[in-house]
Every structure is written in C-alpha cells, then in structure tokens.
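**Student:** work-v7.txt is reproduced in full below (compact mmCIF, C-alpha atoms).
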# COMPACT_ATOMS: atom_id res chain seq x y z
CA MET M 3 25.00 222.56 82.31
CA MET M 4 28.10 222.36 84.42
CA GLY M 5 29.73 224.87 82.07
CA LYS M 6 27.25 227.48 83.09
CA ALA M 7 28.12 227.12 86.75
CA PHE M 8 31.71 227.99 85.97
CA ALA M 9 31.02 230.84 83.59
CA PRO M 10 33.14 233.86 84.54
CA HIS M 11 31.22 236.43 86.51
CA ASP M 12 31.46 239.95 85.20
CA SER M 13 29.14 241.81 87.54
CA CYS M 14 32.06 243.65 89.13
CA ASN M 15 33.38 245.19 85.94
CA SER M 16 30.78 247.88 86.22
CA CYS M 17 30.99 248.56 89.95
CA ASN M 18 33.40 250.85 91.72
CA LEU M 19 34.34 248.51 94.53
CA VAL M 20 37.72 246.89 94.79
CA PRO M 21 37.67 243.85 92.48
CA MET M 22 36.86 240.62 94.22
CA SER M 23 39.71 238.29 95.01
CA ALA M 24 40.19 235.31 92.74
CA PHE M 25 39.10 233.17 95.68
CA ARG M 26 35.80 234.99 96.07
CA GLN M 27 35.22 234.88 92.34
CA SER M 28 35.68 231.14 92.25
CA VAL M 29 33.32 230.79 95.22
CA GLU M 30 30.74 232.99 93.53
CA ALA M 31 30.94 231.05 90.28
CA MET M 32 29.93 227.93 92.20
CA ILE M 33 26.72 229.34 93.68
CA PRO M 34 24.35 228.09 90.96
CA ALA M 35 25.76 224.55 91.10
CA LEU M 36 25.71 224.55 94.92
CA ARG M 37 22.07 225.61 94.84
CA ARG M 38 21.24 222.76 92.47
CA TYR M 39 23.02 220.21 94.66
CA ALA M 40 21.41 221.57 97.83
CA ARG M 41 17.95 221.59 96.25
CA ALA M 42 18.24 217.93 95.32
CA LEU M 43 19.81 217.06 98.66
CA ALA M 44 17.32 218.87 100.90
CA ARG M 45 14.17 218.92 98.68
CA ASP M 46 12.87 222.14 100.25
CA ALA M 47 14.01 225.23 98.34
CA ASP M 48 14.31 227.46 101.43
CA ILE M 49 16.24 224.90 103.44
CA ALA M 50 18.46 224.36 100.40
CA ASP M 51 19.29 228.06 100.16
CA ASP M 52 19.90 228.17 103.92
CA LEU M 53 22.46 225.43 103.41
CA VAL M 54 24.09 227.33 100.55
CA GLN M 55 24.17 230.52 102.61
CA ASP M 56 25.80 228.78 105.58
CA THR M 57 28.26 227.15 103.19
CA LEU M 58 29.21 230.50 101.66
CA VAL M 59 29.54 232.19 105.06
CA ARG M 60 31.85 229.43 106.23
CA ALA M 61 33.88 229.45 103.05
CA LEU M 62 34.39 233.22 103.11
CA ARG M 63 35.21 233.15 106.80
CA SER M 64 37.83 230.48 106.21
CA GLU M 65 39.40 232.17 103.22
CA ARG M 66 42.70 232.35 105.05
CA LEU M 67 42.54 228.71 106.04
CA PHE M 68 42.14 227.68 102.43
CA LEU M 69 45.63 226.92 101.19
CA GLY M 70 45.00 226.38 97.52
CA GLY M 71 43.50 223.24 96.04
CA ASP M 72 40.10 222.75 94.55
CA VAL M 73 37.57 225.35 95.70
CA ARG M 74 34.77 223.38 94.07
CA SER M 75 35.39 220.17 96.04
CA TRP M 76 35.90 222.17 99.19
CA LEU M 77 32.52 223.91 98.84
CA TYR M 78 30.75 220.61 98.18
CA THR M 79 32.47 219.23 101.27
CA ILE M 80 31.24 222.06 103.49
CA LEU M 81 27.71 221.79 102.16
CA THR M 82 27.68 218.01 102.58
CA ASN M 83 28.90 218.30 106.19
CA LEU M 84 26.39 221.02 107.03
CA ASN M 85 23.57 218.95 105.65
CA LYS M 86 24.74 215.97 107.69
CA ASN M 87 24.64 218.12 110.85
CA ARG M 88 21.23 219.50 109.94
CA ARG M 89 19.77 216.08 109.27
CA ARG M 90 21.05 214.79 112.56
CA SER M 91 19.15 217.53 114.33
CA LEU M 92 16.00 216.63 112.43
CA ALA M 93 16.40 212.90 112.88
CA ARG M 94 13.86 212.64 115.65
CA ARG M 95 11.21 214.76 113.98
CA PRO M 96 8.50 213.29 111.77
CA GLN M 97 9.01 213.51 108.02
CA PHE M 98 6.36 215.49 106.17
CA MET M 99 5.56 214.68 102.58
CA PRO M 100 4.01 217.42 100.44
CA LEU M 101 0.38 216.55 99.66
CA LEU M 102 0.79 217.88 96.13
CA ASP M 103 3.04 214.95 95.34
CA ASN M 104 -0.10 213.00 94.57
CA ASN M 105 -1.67 215.48 92.15
CA PRO M 106 -3.00 213.24 89.35
CA ASP M 107 -3.35 216.05 86.80
CA ALA M 108 0.36 216.69 86.52
CA SER M 109 1.99 216.42 83.12
CA GLY M 110 4.36 213.55 82.39
CA THR M 111 7.58 215.50 82.92
CA GLU M 112 6.45 217.04 86.18
CA ALA M 113 5.32 213.66 87.40
CA GLU M 114 8.70 212.18 86.51
CA GLY M 115 10.44 215.00 88.37
CA ARG M 116 8.41 214.23 91.47
CA ASP M 117 9.11 210.53 91.08
CA ILE M 118 12.84 211.12 91.09
CA ALA M 119 12.56 213.54 94.03
CA ARG M 120 10.60 210.97 96.02
CA ALA M 121 13.06 208.23 95.12
CA LEU M 122 15.90 210.45 96.38
CA ALA M 123 14.04 211.08 99.62
CA GLY M 124 14.02 207.35 100.26
CA LEU M 125 17.81 207.14 100.26
CA VAL M 126 19.98 207.34 103.35
CA GLU M 127 22.01 210.51 103.59
CA GLU M 128 25.41 209.21 102.42
CA GLN M 129 23.92 207.42 99.42
CA ARG M 130 21.91 210.41 98.28
CA SER M 131 24.97 212.60 98.53
CA VAL M 132 27.12 210.18 96.47
CA LEU M 133 24.44 209.76 93.84
CA LEU M 134 23.96 213.51 93.40
CA LEU M 135 27.66 214.39 93.44
CA VAL M 136 28.41 211.79 90.75
CA MET M 137 25.28 211.88 88.58
CA LEU M 138 24.13 215.48 88.91
CA GLU M 139 27.29 217.43 89.73
CA GLY M 140 29.63 215.27 87.66
CA LEU M 141 32.33 214.77 90.29
CA SER M 142 34.82 211.92 90.03
CA TYR M 143 34.80 208.98 92.45
CA ARG M 144 38.07 210.28 93.89
CA GLU M 145 36.63 213.74 94.56
CA VAL M 146 33.56 212.24 96.23
CA ALA M 147 35.78 209.99 98.36
CA GLU M 148 37.62 213.07 99.61
CA ILE M 149 34.39 214.97 100.22
CA GLN M 150 32.93 212.15 102.30
CA GLY M 151 36.24 211.19 103.88
CA VAL M 152 35.93 207.53 102.87
CA PRO M 153 37.83 205.17 100.54
CA ILE M 154 36.86 205.03 96.85
CA GLY M 155 35.50 201.50 97.35
CA THR M 156 32.99 202.87 99.84
CA VAL M 157 31.91 205.53 97.35
CA MET M 158 31.36 202.85 94.72
CA SER M 159 29.32 200.61 96.98
CA ARG M 160 27.21 203.56 98.15
CA LEU M 161 26.63 204.57 94.55
CA ALA M 162 25.64 201.04 93.55
CA ARG M 163 23.18 200.77 96.44
CA ALA M 164 21.75 204.22 95.71
CA ARG M 165 21.20 203.40 92.05
CA ALA M 166 19.56 200.08 92.88
CA HIS M 167 17.29 201.77 95.39
CA VAL M 168 16.25 204.60 93.07
CA LYS M 169 15.69 202.18 90.20
CA ALA M 170 13.47 199.97 92.37
CA SER M 171 11.62 202.99 93.69
CA LEU M 172 10.92 204.37 90.19
CA GLU M 173 9.88 200.98 88.84
CA GLY M 174 7.73 200.28 91.89
CA GLU M 175 5.75 203.46 91.32
CA ARG M 176 5.23 202.71 87.66
CA THR M 177 4.02 199.19 88.44
CA ALA M 178 1.66 200.56 91.07
CA LEU M 179 0.21 203.06 88.60
CA ARG M 180 -0.34 200.42 85.97
CA ARG M 181 -2.16 198.25 88.44
CA VAL M 182 -4.55 201.06 89.35
CA LYS M 183 -5.37 201.75 85.71
CA MET P 26 42.58 190.75 74.07
CA THR P 27 42.50 188.15 76.79
CA ASP P 28 40.66 190.82 78.80
CA ARG P 29 37.54 190.00 76.84
CA ASN P 30 37.33 186.74 78.67
CA ILE P 31 37.31 188.40 82.06
CA PRO P 32 33.68 188.83 83.13
CA VAL P 33 32.56 192.42 83.61
CA THR P 34 31.77 193.21 87.26
CA GLU P 35 29.00 195.45 88.52
CA ASP P 36 31.63 197.98 89.66
CA GLU P 37 32.88 198.13 86.10
CA LEU P 38 29.39 198.77 84.78
CA HIS P 39 29.04 201.75 87.12
CA ALA P 40 32.52 202.97 86.24
CA TYR P 41 31.64 202.62 82.55
CA VAL P 42 28.54 204.81 82.90
CA ASP P 43 30.44 207.38 84.98
CA ASN P 44 33.43 207.53 82.62
CA GLU P 45 35.69 206.19 85.36
CA LEU P 46 36.71 203.06 83.47
CA PRO P 47 40.24 202.84 82.03
CA ALA P 48 40.01 203.53 78.29
CA GLU P 49 41.40 200.11 77.35
CA ARG P 50 38.55 198.33 79.13
CA ARG P 51 35.67 200.28 77.59
CA SER P 52 35.43 198.23 74.40
CA ASP P 53 35.41 195.03 76.48
CA VAL P 54 32.46 196.33 78.46
CA GLU P 55 30.66 197.38 75.28
CA ALA P 56 31.16 193.92 73.82
CA TRP P 57 29.89 192.41 77.06
CA LEU P 58 26.76 194.59 76.99
CA ASP P 59 25.99 193.40 73.44
CA THR P 60 25.67 189.87 74.70
CA HIS P 61 24.22 190.52 78.17
CA PRO P 62 20.84 192.22 77.78
CA ASP P 63 20.15 192.36 81.53
CA ASP P 64 23.30 194.35 82.17
CA ALA P 65 22.60 196.51 79.12
CA ALA P 66 19.16 197.29 80.54
CA ARG P 67 20.65 198.24 83.90
CA VAL P 68 23.16 200.55 82.26
CA GLN P 69 20.33 202.08 80.26
CA SER P 70 18.25 202.62 83.42
CA TRP P 71 21.16 204.43 85.12
CA ARG P 72 21.50 206.73 82.12
CA ALA P 73 17.78 207.46 82.20
CA MET P 74 18.13 208.19 85.93
CA ALA P 75 20.85 210.77 85.24
CA GLU P 76 18.65 212.37 82.60
CA ALA P 77 15.72 212.51 85.02
CA LEU P 78 17.91 214.16 87.65
CA HIS P 79 19.11 216.80 85.23
CA ALA P 80 15.60 217.34 83.89
CA ARG P 81 14.37 217.89 87.44
CA TYR P 82 17.17 220.02 88.92
CA ASP P 83 19.11 221.81 86.14
CA SER P 84 16.51 224.59 86.08
CA VAL P 85 17.91 225.71 89.47
CA ILE P 86 21.12 226.74 87.66
CA ASP P 87 19.17 229.26 85.59
CA GLU P 88 17.29 230.80 88.52
CA ALA P 89 18.38 234.25 89.64
CA VAL P 90 20.59 233.93 92.72
CA PRO P 91 18.64 235.25 95.75
CA LYS P 92 19.95 238.48 97.29
CA ARG P 93 20.89 236.81 100.54
CA LEU P 94 23.40 234.61 98.70
CA GLU P 95 25.27 237.47 97.07
CA ILE P 96 28.95 237.41 97.95
CA GLU P 97 29.18 241.18 98.39
CA ARG P 98 26.40 241.06 100.94
CA LEU P 99 27.89 238.13 102.82
CA VAL P 100 31.39 239.61 103.10
CA ARG P 101 30.03 242.87 104.42
CA GLN P 102 28.79 241.07 107.53
CA PRO P 103 31.14 241.50 110.48
CA ARG P 104 33.67 238.74 110.86
CA LYS P 105 33.00 236.85 114.01
CA TRP P 106 36.04 234.67 113.89
CA VAL P 107 39.08 236.63 114.83
CA TYR P 108 41.90 234.39 115.80
CA GLY P 109 45.35 235.42 116.72
CA ALA P 110 48.22 234.28 118.80
CA MET P 111 47.02 233.95 122.34
CA ALA P 112 50.18 232.39 123.66
CA ALA P 113 51.13 235.42 125.72
CA THR P 114 47.73 235.59 127.38
CA LEU P 115 47.85 231.89 128.03
CA ALA P 116 51.31 231.98 129.52
CA ALA P 117 50.31 234.78 131.86
CA PHE P 118 47.16 232.99 132.82
CA ILE P 119 48.23 229.45 133.44
CA VAL P 120 49.51 229.01 136.92
CA GLY P 121 52.31 226.54 137.26
CA GLY P 122 50.99 223.61 139.19
CA GLY P 123 52.84 220.36 139.67
CA VAL P 124 51.28 217.78 137.42
CA GLY P 125 53.67 215.12 138.55
CA TRP P 126 51.04 212.52 139.18
CA LEU P 127 51.80 209.16 137.76
CA ALA P 128 49.07 207.01 136.33
CA ARG P 129 48.14 205.71 139.72
CA GLY P 130 44.38 205.96 139.25
CA ALA P 131 44.26 203.66 136.27
CA ALA P 132 41.73 201.44 138.01
CA ALA P 133 39.02 204.07 137.87
CA SER P 134 35.52 202.72 138.05
CA PRO P 135 34.37 202.18 134.46
CA SER P 136 30.85 203.24 135.27
CA VAL P 137 31.93 206.72 136.33
CA PHE P 138 33.93 207.05 133.15
CA GLN P 139 31.04 205.78 131.13
CA THR P 140 28.74 208.40 132.61
CA LEU P 141 31.21 211.17 131.97
CA THR P 142 31.92 210.15 128.39
CA LEU P 143 28.20 209.83 127.69
CA ASP P 144 27.71 213.33 129.10
CA ALA P 145 30.45 214.52 126.76
CA ILE P 146 28.85 212.79 123.77
CA GLU P 147 25.38 214.12 124.65
CA ALA P 148 26.71 217.67 124.89
CA HIS P 149 28.49 217.20 121.56
CA ARG P 150 25.32 215.97 119.86
CA LEU P 151 23.23 218.76 121.31
CA TYR P 152 25.46 221.62 120.22
CA VAL P 153 27.34 220.65 117.05
CA VAL P 154 24.16 220.92 115.02
CA GLU P 155 23.75 224.55 116.03
CA VAL P 156 24.65 226.99 113.27
CA ARG P 157 23.87 230.28 114.98
CA HIS P 158 24.23 229.59 118.70
CA PRO P 159 26.72 226.77 119.15
CA VAL P 160 28.48 228.45 122.07
CA GLU P 161 27.94 231.02 124.83
CA VAL P 162 31.32 232.70 124.56
CA PRO P 163 32.83 232.99 121.06
CA GLY P 164 36.37 231.95 120.22
CA SER P 165 37.32 235.57 119.66
CA GLU P 166 37.15 236.00 123.46
CA ARG P 167 39.46 233.13 124.18
CA SER P 168 41.12 234.48 127.32
CA HIS P 169 37.80 235.51 128.83
CA LEU P 170 36.40 232.08 128.01
CA GLN P 171 39.30 230.34 129.74
CA GLN P 172 39.18 232.52 132.84
CA TRP P 173 35.45 232.19 133.19
CA LEU P 174 35.38 228.40 132.76
CA THR P 175 38.35 227.97 135.09
CA LYS P 176 36.63 230.04 137.75
CA ARG P 177 33.31 228.27 137.46
CA CYS P 178 34.67 224.73 137.12
CA GLY P 179 37.40 224.95 139.72
CA TRP P 180 40.19 223.47 137.59
CA VAL P 181 42.34 225.01 134.91
CA VAL P 182 40.36 225.07 131.67
CA ARG P 183 42.29 226.10 128.64
CA ALA P 184 41.33 226.21 124.98
CA PRO P 185 44.22 224.55 123.16
CA GLU P 186 45.55 225.99 119.92
CA LEU P 187 44.65 223.47 117.21
CA ALA P 188 45.37 225.49 114.08
CA GLY P 189 48.12 222.98 113.30
CA ALA P 190 45.40 220.35 112.88
CA GLY P 191 43.29 222.71 110.76
CA LEU P 192 40.89 223.58 113.57
CA LYS P 193 39.93 226.89 115.03
CA LEU P 194 38.08 227.65 118.23
CA VAL P 195 34.37 228.34 117.75
CA GLY P 196 33.96 229.05 121.46
CA GLY P 197 32.70 227.38 124.61
CA ARG P 198 30.07 227.07 127.28
CA LEU P 199 29.54 226.00 130.85
CA LEU P 200 27.41 222.90 131.30
CA PRO P 201 25.82 221.10 134.22
CA GLY P 202 27.58 217.74 134.51
CA THR P 203 26.75 214.62 136.51
CA GLY P 204 28.86 215.62 139.50
CA GLY P 205 29.08 219.39 139.10
CA PRO P 206 29.98 221.88 136.41
CA ALA P 207 31.61 220.88 133.14
CA SER P 208 33.35 222.87 130.44
CA PHE P 209 32.60 222.49 126.76
CA MET P 210 34.60 223.88 123.87
CA MET P 211 33.95 223.57 120.18
CA TYR P 212 36.40 223.60 117.28
CA GLU P 213 35.73 223.62 113.60
CA SER P 214 37.68 222.83 110.43
CA ALA P 215 37.54 224.78 107.18
CA SER P 216 35.21 222.14 105.78
CA GLY P 217 32.78 222.30 108.71
CA GLU P 218 33.81 219.24 110.74
CA ARG P 219 33.26 219.95 114.40
CA PHE P 220 35.20 218.59 117.37
CA THR P 221 34.35 219.27 120.99
CA ILE P 222 36.40 219.08 124.15
CA TYR P 223 34.60 218.31 127.38
CA THR P 224 36.14 218.45 130.84
CA ALA P 225 34.62 217.44 134.18
CA LYS P 226 35.72 216.39 137.65
CA SER P 227 36.85 212.76 137.70
CA ASP P 228 37.35 210.20 140.44
CA ALA P 229 40.48 208.97 138.74
CA GLU P 230 43.61 211.05 139.19
CA ALA P 231 45.16 209.99 135.91
CA THR P 232 44.50 207.37 133.26
CA GLN P 233 45.72 206.51 129.82
CA MET P 234 43.87 207.65 126.76
CA ARG P 235 40.93 205.44 125.86
CA TYR P 236 38.51 205.20 122.99
CA ALA P 237 34.72 204.90 123.11
CA ALA P 238 32.03 205.13 120.47
CA GLU P 239 28.30 205.58 120.76
CA GLY P 240 26.32 205.63 117.51
CA ARG P 241 28.16 207.82 115.03
CA GLU P 242 29.94 209.73 117.79
CA SER P 243 33.34 208.65 118.98
CA THR P 244 35.54 209.97 121.74
CA LEU P 245 39.06 209.71 123.05
CA PHE P 246 39.19 210.44 126.76
CA TRP P 247 41.62 210.41 129.64
CA ALA P 248 41.97 211.72 133.15
CA ASP P 249 44.72 213.97 134.39
CA ASP P 250 45.07 215.60 137.77
CA GLY P 251 41.55 214.56 138.76
CA VAL P 252 39.92 215.98 135.65
CA ILE P 253 38.52 213.97 132.76
CA TYR P 254 39.09 215.25 129.24
CA ALA P 255 37.01 213.94 126.35
CA VAL P 256 37.55 214.89 122.71
CA VAL P 257 34.40 214.05 120.74
CA SER P 258 33.71 213.91 117.02
CA THR P 259 31.06 212.62 114.63
CA GLY P 260 31.77 210.26 111.77
CA VAL P 261 35.45 211.04 111.78
CA GLU P 262 38.21 208.51 111.14
CA ARG P 263 39.87 207.31 114.30
CA GLY P 264 43.27 208.45 113.00
CA ARG P 265 42.03 212.02 112.66
CA LEU P 266 40.44 211.94 116.11
CA THR P 267 43.67 210.59 117.59
CA GLN P 268 45.65 213.38 115.96
CA ILE P 269 43.37 216.00 117.51
CA ALA P 270 43.23 214.32 120.93
CA GLN P 271 47.02 214.04 121.08
CA ALA P 272 47.41 217.71 120.26
CA VAL P 273 44.97 218.53 123.07
CA TYR P 274 46.74 216.16 125.46
CA GLU P 275 50.17 217.59 124.75
CA GLN P 276 49.02 221.12 125.43
CA MET P 277 47.30 220.09 128.65
CA GLU P 278 50.50 218.35 129.71
CA LYS P 279 52.48 221.52 129.23
CA LYS P 280 50.25 223.50 131.51
CA GLY P 281 52.34 222.56 134.53
CA GLY P 282 55.38 224.11 132.89
Would you give me this structure, written as structure tokens?

**Tutor:**
Amino acid sequence: MMGKAFAPHDSCNSCNLVPMSAFRQSVEAMIPALRRYARALARDADIADDLVQDTLVRALRSERLFLGGDVRSWLYTILTNLNKNRRRSLARRPQFMPLLDNNPDASGTEAEGRDIARALAGLVEEQRSVLLLVMLEGLSYREVAEIQGVPIGTVMSRLARARAHVKASLEGERTALRRVK
Amino acid sequence: MTDRNIPVTEDELHAYVDNELPAERRSDVEAWLDTHPDDAARVQSWRAMAEALHARYDSVIDEAVPKRLEIERLVRQPRKWVYGAMAATLAAFIVGGGVGWLARGAAASPSVFQTLTLDAIEAHRLYVVEVRHPVEVPGSERSHLQQWLTKRCGWVVRAPELAGAGLKLVGGRLLPGTGGPASFMMYESASGERFTIYTAKSDAEATQMRYAAEGRESTLFWADDGVIYAVVSTGVERGRLTQIAQAVYEQMEKKGG
C-alpha cells in the first residue's frame, strides 16, 4: 500500500503548464498517504481533509525554507503539529460519538473497522500519532522521534502503551459482546 | 550464542514486530517466542492490530483526491507570506535610546510577573490554534505592524528577525493586558511549531531571563527598560525555547544602538 502513495504522478505530462518542481511532485505524491494518516488520526473525513489541506498550504508556502531532507517526514511533522493545535482548541468541547457505531446489523469487517476506530479514539494524542505512524504509515522509530521531537525511548514507551490500550479496548468489546449473547 | 540466555524484553518484542530489531537478535527472539506462549500471543495480537488498521484505512489511498487538495489549485492562491530583509526599515525606525540600565530591578514583585506571564501564556493559547485568523496584521506588513504597536503600546515594539532559528513572522496584534495595552507577535517554523512574543509594561526596570511553565506551555521572560518580554511555546524542548528567546533578547538589546 505504501508503494501506491509514492507512485510517480504523471498528470502533468498532458498539460501545458510549466512542469511542477521536484519538490511539489514529491509533496503531491504524499497526498494519499497523508489523507490516510489524517483520517485515522481525526476520525472525521472532512476534518481530516482540512488537516491535509492546511498541511499542503503550509508545505508549499515554506518551499523555500525546506533545505533538502525527507519531504515525507516533514509533511507528517506538519500534519501532526496541526492536529495537536486543533485538538487543543477542541479540548474543552464535549466529544460526540456517532450513533451509527452501535449498528448491530453491520458485517464482521465493518464492525472490526469500527472497533479499531473506537479503540484509537480512546488513545491520548501522542500515543495515537505514534501508533499510526509506525503501524499504518510504516515509519521508523527514529523518524517518529524526529516528528514528535522526543527521544526514541519515548516513542517506544508511547507505542507500547498505545498497543496495550488498543488491545485491551478490542478485547473488552469482544468480551462484552459475548456476555450479551 | 550466549545472547540466547538474555531474556527478551518487551521493547525487543515491539522492535521485532516493527522490524527495528538488529538482524542478529531476531532468531533469539523467535526462539524465545517458541517457548513463551504469552509473549507469542501478544506479538500475534499486535500483528492482527496492524492488519485491522490497514483493513480499515487503506481504502483512503484509493479514493480520488478531492479538488481542494490539488497542488495546482493550492499554489494558485496568493502567497500571504512575503518576507524580505527589513533591516533598513528597522534601522530607520528604531530610535536610539539609552538602554544603559543595569539589572537594578531584579527584586520585582513575583506576583506582578506571574500575572504578566500568565497573560502571555493565555494569549498564546488563544491564538496559536487559529489557522485562518491568528493575527490582525500579517507579517508581510512588518514595518506597519511595528509602528502601530509601538504607537499604541508606548514603548518600542519590534518584530525580531528569527529566520536564523527557522522561524518567520506570521504577524501580530494589540491586546488588552492587565495594566494597559500589550503587544503580541507570532512566529512559525516550517513544520508548524508556533512561538509567540508578548510585551507589556512592567514594574521592574530590568531582570534576568527566567523560565516558567503552565500546563504544556512554557515561557522564558525578562524585563528590560520597564517592559516585560515573554517568549511562549507549546510542548517545545527548553533548549529550543532558550535558543529562540536568546535571539529575541539579543535583538532587543541592540535596539539602543
């Protein structure tokens, strides 16, 4: 799946505009993966795309400030920071859970998808971000440490706590279901 | 081979699953898992978790990218962030005033300082989360911003050049402070970290730089020439904050010429 996110983009071969810079091309190639990360991070699809849009605007605006290095890590860093800012502004508002989460007619796969989404929602911000960057986006511990601006040891302990929490959350739901039946 | 006798830690189990383990240790971990069913079950549950995540979210990769996220569309929007050398404007603007005060006000009442730094932190919290309206006057109008804030506050307000620390000026605003007006300026790094600089009238003529933290916000603040300066950040290492605050301090020092 990651391969797809990095597939070369050929949409400009057919257009008459000046070819995009290598920088913009590498930013564009990351959009699908950024959307996936944002969707898992923010749950709501519109909020997720807002985050991606703000990330892209910032990245393009800072093109001249970007002095080489890994565009991919840099974009994940911007998105992670933006989400942190956004969540802080929402911190005092009540959390709404979609009612449809409890739809009993859902098929097994859909139900599992909701289980994992709900388990993610129960994580604190930093842990959710580590879990997704490592397990979904396939980043190394070192890359995540740079993105979060913390030592690798902190990344590992956040990851361990996140996995324990998600595991308990998934198992808790299954136990609860069994008890009802 | 003696490695086999070293118990496998939980960190190593995670590193094993994430392919972060040194190659020479992998077979040790595999041997350990053969004889430790609880750990094997945990490793299995983490793998299942990764599969569930991909099953849930990989479909996003295949969705058509919405129009509003197209690069061509985004780059066509006017650039708001024009930054150039403002040194000439600054030099013309800053009036030489003797800043020869020694640190004679070091015994400033802590409560006044506490109020001022809390004001600075509150302003930081309120505005750094803003994506579209973080400031009243954008950084592209730096000289106007400085003149306006100086006029309204009654002391020299300048927006320091922090490009050397990877920060550019987002802009600034005028704020009501505890004892009168206050100035507020926001800076941003390429990765979206935001720092703010708050200035207000202070009882203390001059003090050394001090550190304070409140929740996830931390600030380095000092007084100079009867004005308090506070540099505020969120979740940033103290070393990084110190670097920024020193750059601000040095440029404020130079204002006297």

**Student:** Once you count all atoms listed in the file, which residues of chain M turn out to be within 6 Å of chain P? Could you give them as a compact mmCIF listing (two decimals) with C-alpha atoms, keeping the file's coordinate frame?

**Tutor:**
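Result file is result_25.txt:
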# COMPACT_ATOMS: atom_id res chain seq x y z
CA PRO M 34 24.35 228.09 90.96
CA ARG M 38 21.24 222.76 92.47
CA GLN M 55 24.17 230.52 102.61
CA SER M 64 37.83 230.48 106.21
CA ILE M 80 31.24 222.06 103.49
CA ASN M 87 24.64 218.12 110.85
CA GLY M 115 10.44 215.00 88.37
CA MET M 137 25.28 211.88 88.58

**Student:** I'd like the interatomic distance between atom CA of Arg45 of chain M and atom CA of Gly151 of chain M, to a tenth of an Å.

**Tutor:**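 So the answer is 24.0 Å.
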
**Student:** For Leu266 of chain P, which residue out of P:Glu166, P:Asp53, P:Asp249, P:Glu242 is the nearest one, using all atoms listed in the file?

**Tutor:**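 Among the listed residues, P:Glu242 lies closest to Leu266 of chain P.
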
**Student:** Would you compute the distance between atom CA of Ala184 of chain P and atom CA of Gln171 of chain P? Give it in Å to one decimal.

**Tutor:** 6.6 Å

**Student:** Need the shell around Tyr274 of chain P: protein/DNA/RNA residues with any atom at most 12 Å away, counting only C-alpha atoms. Skip same-chain ones fewer than 5 positions apart. Format as an MDAnalysis selection string?

**Tutor:** chainID P and resid 183:187 222 232:234 245:249 253:256 267:269 279:280

**Student:** Taking all atoms listed in the file into account, which of P:Leu200, P:Val160, P:Ala237, P:Leu194 comes nearest Glu213 of chain P?

**Tutor:** P:Leu194

**Student:** Of the candidates P:Val195, P:Leu143, P:Cys178, P:Ala48, which shows the shortest atom-to-atom distance to Glu161 of chain P, using all atoms listed in the file?

**Tutor:**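 Between P:Val195, P:Leu143, P:Cys178, P:Ala48, the residue approaching Glu161 of chain P most closely is P:Val195.
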
**Student:** Please indicate the distance in Å from atom CA of Thr224 of chain P to atom CA of Gly196 of chain P, rounded to one decimal place.

**Tutor:**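 One can read the atom CA of Thr224 of chain P to atom CA of Gly196 of chain P distance as 14.3 Å.
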
**Student:** Mind listing whatever residues come within 12 Å of the point (27.9, 211.4, 135.7)? Use only C-alpha atoms, file coordinates, and give them as a count of residues only.

**Tutor:** 26

**Student:** Compile the contact shell of Thr79 of chain M as a list in words: residues with an atom at most 7 Å away, counting only C-alpha atoms, same-chain residues fewer than 4 positions apart removed.

**Tutor:**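 Skipping anything fewer than 4 positions along the chain leaves Ser75, Asn83 and Ile149 of chain M; Ser216 of chain P.
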